[in-house]
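Read through the structure below, which is laid out as structure tokens, and then see the notes.
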Amino acid sequence: MIRGICLCIALLLPNLALAQGLQVAFEGFDQNADAPLEIAADSMTISHEDGSAVLEGNVVIGQGTLRLAAPAVTINYNEAGGLSRIEASGGVTVVTPNEEIEAQTALYTLANDEMLLTGGVLLSQGRSAVSAERMRVDLATGTAVLEGRVRTVLQPTSASE
């Protein structure tokens with residue numbers, strides 16, 4: 001419902017959306033932070049010295065219903081040994097049950113439950129799409145702000161959908 005309202009506002013006020021950014025709601029970012037983090041890659045290099053792991057080649061990270069895929073990912077650990085941030089580069093795809101996002105880079109900061117995607121961001125929700133240069137996603141609230149030449153294509157839904 002909130003997603004539909006945000007998209008309708010963007011359709012009715014395109015100049016405001018283009019000038020100041022667009023806020024979008026996500027239904028699929030209802031991820032479970034307590035779910036196990038699953039990681040697959042062609043190679044992994046772990047550095048205890050700086051508390052990082054570098055994954056390369058066909059990297060796929062999943063937690064609950066959230067999936068992230070990229071050619072390269074760096075995972076940083078905090079002093080307690082828990083994850084602090086995940087940085088993906090080289091063309092990133094993030095998929096939820098209701099959305100798909102493509103960007104050049106993604107930075108997921110676990111402390112504030114935020115994901116920043118940059119570089120040719122394309123968000124697809126069903127048959128509608130939004131593009132921008134940057135997108136900041138608040139995973140706790142399931143909302144995002146898109147900035148930098150925001151463009152949108154909204155497909156009307158029929159009464160039978």
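Ordering of the structure tokens sets the chain letters (A, B, ...), residue numbers begin anew at 1 in every chain, and ligands are numbered from 1 in the order given.
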
I'd like the neighbourhood of Leu122 in chain A as a VMD selection string, where a residue qualifies if any of its atoms comes within 10 Å (using only C-alpha atoms), though same-chain residues fewer than 4 positions away should be ignored.
chain A and resid 93 100 to 103 117 to 118 129 to 135 146 150 to 152

Write a file of the selected residues as a tab-separated table (two decimals), in the first residue's frame, keeping C-alpha atoms.
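See selection_28.tsv below for the written result:
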```tsv
chain	number	residue	atom	x	y	z
A	93	THR	CA	22.32	-7.18	-8.13
A	100	GLU	CA	15.30	-6.28	-8.03
A	101	ILE	CA	18.01	-3.62	-7.85
A	102	GLU	CA	21.03	-3.22	-10.10
A	103	ALA	CA	23.93	-0.83	-9.41
A	117	LEU	CA	23.82	1.68	-3.86
A	118	THR	CA	25.59	3.89	-6.40
A	129	ALA	CA	10.97	0.78	-12.66
A	130	VAL	CA	12.91	3.69	-11.15
A	131	SER	CA	16.47	4.71	-12.01
A	132	ALA	CA	18.86	7.10	-10.26
A	133	GLU	CA	22.53	7.63	-9.52
A	134	ARG	CA	22.24	6.79	-5.80
A	135	MET	CA	19.83	4.93	-3.59
A	146	LEU	CA	16.75	7.80	-4.69
A	150	VAL	CA	15.63	10.16	-10.84
A	151	ARG	CA	13.50	8.72	-13.64
A	152	THR	CA	10.54	6.42	-13.34
```

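Nearest to Asp50 in chain A of all the residues A:Gly142, A:Gly126, A:Gly81, A:Gly148 is A:Gly81, counting only C-alpha atoms.
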
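Taking CA of Ala41 in chain A as the reference point, CA of Ala53 in chain A is found at 11.4 Å.
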
Would you list the contacts of Ile61 in chain A as a PyMOL selection string, taking every protein, DNA or RNA residue within 8 Å and counting only C-alpha atoms, but skipping same-chain residues closer than 4 positions in sequence?
chain A and resi 37-40+67-69

Only C-alpha atoms, please: the residues just picked out, written as a JSON list (two decimals), in the first residue's frame.
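Result written to out34.json:
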```json
[["chain", "number", "residue", "atom", "x", "y", "z"],
["A", 37, "LEU", "CA", 24.22, -15.44, 6.37],
["A", 38, "GLU", "CA", 24.97, -17.73, 3.42],
["A", 39, "ILE", "CA", 28.00, -16.91, 1.25],
["A", 40, "ALA", "CA", 29.26, -18.52, -1.97],
["A", 67, "ARG", "CA", 20.11, -11.96, -2.04],
["A", 68, "LEU", "CA", 23.12, -9.95, -3.21],
["A", 69, "ALA", "CA", 25.29, -10.98, -6.18]]
```

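For the atom pair formed by CA of Asp42 in chain A and CA of Thr65 in chain A, the distance is 22.2 Å, given to one decimal.
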
Env of Ala106 in chain A: 9 Å cut, atoms = only C-alpha atoms, seq-sep filter 4 positions within chain, self excluded. Answer as a ChimeraX atom specification.
/A:86-89,91-94,115-118

Give me the residues within 9 Å of Ser84 in chain A as a PyMOL selection string, counting only C-alpha atoms and dropping any in the same chain fewer than 3 places off.
chain A and resi 75-78+81+108-111

Ala140 in chain A: which residues within 8 Å, counting only C-alpha atoms, same-chain residues fewer than 2 positions away excluded, as a CSV table (one decimal) with N, CA and C atoms, in the first residue's frame?
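This went into part_9.csv:
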```
chain,number,residue,atom,x,y,z
A,113,ASP,N,21.9,-0.5,9.8
A,113,ASP,CA,21.0,-1.3,8.9
A,113,ASP,C,20.6,-0.5,7.7
A,114,GLU,N,21.7,-0.1,7.0
A,114,GLU,CA,21.5,0.8,5.8
A,114,GLU,C,22.3,0.2,4.6
A,138,ASP,N,17.0,2.2,3.9
A,138,ASP,CA,16.9,1.9,5.4
A,138,ASP,C,16.2,0.5,5.5
A,142,GLY,N,12.4,-0.3,5.7
A,142,GLY,CA,11.9,-0.7,4.4
A,142,GLY,C,11.7,0.4,3.4
```

Would you please give, as number ranges by chain, all residues of range 16-135 of chain A that DSSP assigns to strand (DSSP E or B) based on the backbone?
A: 22-25, 37-40, 43-47, 52-63, 66-77, 83-95, 99-109, 114-125, 128-135
